[in-house]
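K.L.:
First, the structure itself, so that you have it in front of you.
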Amino acid sequence: MKYLAGGLFVVFFLILLYLLLRIWLEGRRERVAPRDIPGEAFPEEMRDNALRPLRQLNAYYEKRDPELADACIDETILPDEMLILGTNPGEIFHGRKWTRHLLQCDWKYWGQLSLNVERTALSRVGTALYFALPAQVKLDIWRFRIPIRITGILEEREGLWYISKLQFINNLNTAWVIGTWIAALVLVASLLLFGFALLLSI
């Protein structure tokens, strides 16, 4: 029984390494050469004006100064209409207070976010614009980089565009992540079985 458990451990350890390598390689490809997101063609001036708040948001994320959260909101966001969905299930933020909270926490505790604003895809939705753009976050721990995708809504007020909705999405293949979970569970089970078999053989 211990040989079976040991064999299972080795096999699923190798599978786990393979899956982790695939996740890393695919994430790296998305960071280096993100897939194009289809959008509509707009006149250059209108596109440039619509991307203004995204460029400014990116600049504020580069500074990472929690004291600038209100200035960032005033320049880039419609705070009363703002809804932000973060990458974690509990990250649902609405209104000025919680938008400020998210920005300050991101700048204090999250990694370095970089938005690839020039690759933003825009599509008209009534009088608003839907946007989707590639980005990446370099985590403070280990300098690990994760590709993300940011989507949201831009609305025009008095000739200027502002962000009214934001969603941050980890741009990783969930099929590989689920496979990694399964491999890790089988790995732990085979290790426990191996330990149990060793105890029985004593």
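We label chains A, B, ... in the order they appear in the structure tokens, count residues from 1 in each chain, and number ligands from 1 in the order shown.
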Quick one: residues within 9 Å of region 66-77 of chain A, only C-alpha atoms counted, chain neighbours fewer than 3 positions away excluded, as a list of chain:residue names?

P.N.:
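Final neighbour list, sorted by chain and number: A:Arg52, A:Pro53, A:Leu54, A:Gln56, A:Leu57, A:Tyr60, A:Lys63, A:Asp80, A:Glu81, A:Met82, A:Arg96, A:Thr99, A:Arg100, A:His101, A:Leu103, A:Gln104, A:Cys105, A:Asp106, A:Trp107, A:Lys108, A:Leu154, A:Trp161, A:Tyr162, A:Ile163, A:Ser164, A:Lys165.
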
K.L.:
Where in region 22-114 of chain A does DSSP assign helix (DSSP H, G or I), given as a PyMOL selection string?

P.N.:
chain A and resi 22-32+44-63+66-76+79-81+95-109

K.L.:
Applying 8 Å and only C-alpha atoms, which residues near Leu115 (chain A) remain after dropping the ones on its own chain fewer than 6 positions away? List them as a CSV table (one decimal) with all heavy atoms, in the first residue's frame.

P.N.:
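What landed in out_27.csv:
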chain,number,residue,atom,x,y,z
A,58,ASN,N,-4.4,55.5,-14.0
A,58,ASN,CA,-3.1,54.7,-14.1
A,58,ASN,C,-2.0,55.6,-13.5
A,58,ASN,O,-1.1,55.0,-12.7
A,58,ASN,CB,-2.8,54.4,-15.6
A,58,ASN,CG,-1.6,53.5,-15.7
A,58,ASN,OD1,-1.5,52.5,-15.0
A,58,ASN,ND2,-0.7,53.8,-16.6
A,133,LEU,N,-9.7,46.7,-20.9
A,133,LEU,CA,-8.3,46.9,-21.2
A,133,LEU,C,-7.4,45.8,-20.4
A,133,LEU,O,-7.8,45.4,-19.4
A,133,LEU,CB,-7.9,48.3,-20.9
A,133,LEU,CG,-7.9,48.7,-19.4
A,133,LEU,CD1,-6.5,48.8,-18.8
A,133,LEU,CD2,-8.6,50.1,-19.3
A,134,PRO,N,-6.3,45.5,-21.0
A,134,PRO,CA,-5.4,44.6,-20.3
A,134,PRO,C,-4.5,45.4,-19.3
A,134,PRO,O,-4.3,46.6,-19.5
A,134,PRO,CB,-4.5,44.0,-21.4
A,134,PRO,CG,-4.5,45.1,-22.5
A,134,PRO,CD,-5.8,45.8,-22.4
A,135,ALA,N,-4.2,44.7,-18.2
A,135,ALA,CA,-3.3,45.3,-17.2
A,135,ALA,C,-2.5,44.2,-16.5
A,135,ALA,O,-2.7,43.0,-16.8
A,135,ALA,CB,-4.2,46.1,-16.2
A,136,GLN,N,-1.7,44.6,-15.6
A,136,GLN,CA,-1.0,43.6,-14.8
A,136,GLN,C,-0.7,44.2,-13.4
A,136,GLN,O,-0.6,45.4,-13.3
A,136,GLN,CB,0.3,43.1,-15.5
A,136,GLN,CG,1.4,44.2,-15.7
A,136,GLN,CD,2.6,43.6,-16.3
A,136,GLN,OE1,3.3,42.8,-15.6
A,136,GLN,NE2,3.0,44.0,-17.5

K.L.:
Report as a list in words all protein, DNA and RNA residues lying within 9 Å of Leu19 (chain A), evaluated on only C-alpha atoms, omitting residues in the same chain fewer than 6 positions from it.

P.N.:
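Near neighbours after the sequence-gap exclusion: Trp176, Val177, Gly179, Thr180 and Ala183 of chain A.
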
K.L.:
Give the strand (DSSP E) residues of chain A, as assigned by DSSP on the backbone, as a count of residues only.

P.N.:
50

K.L.:
Calculated over only C-alpha atoms, which of the candidates A:Pro147, A:Gly111, A:Gly159, A:Pro89 has the smallest distance to Pro34 (chain A)?

P.N.:
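The answer is A:Pro147, which sits nearest to Pro34 (chain A).
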
K.L.:
At what distance in Å, to one decimal, does CA of Gly95 (chain A) lie from CA of Pro79 (chain A)?

P.N.:
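Rounded to one decimal, the two atoms are 5.2 Å apart.
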
K.L.:
Kindly give the distance, in Å, that separates CA of Phe12 (chain A) and CA of Val186 (chain A), rounded to a single decimal.

P.N.:
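It comes out at 6.9 Å.
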
K.L.:
I'd like to know which of A:Leu160, A:Ala33, A:Leu166, A:Ala41 is closest to Ile84 (chain A), using only C-alpha atoms.

P.N.:
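Nearest to Ile84 (chain A): A:Leu166.
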
K.L.:
CA of Ala184 (chain A) to CA of Arg145 (chain A): how many Å, to one decimal?

P.N.:
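Calculated distance between CA of Ala184 (chain A) and CA of Arg145 (chain A) is 22.2 Å.
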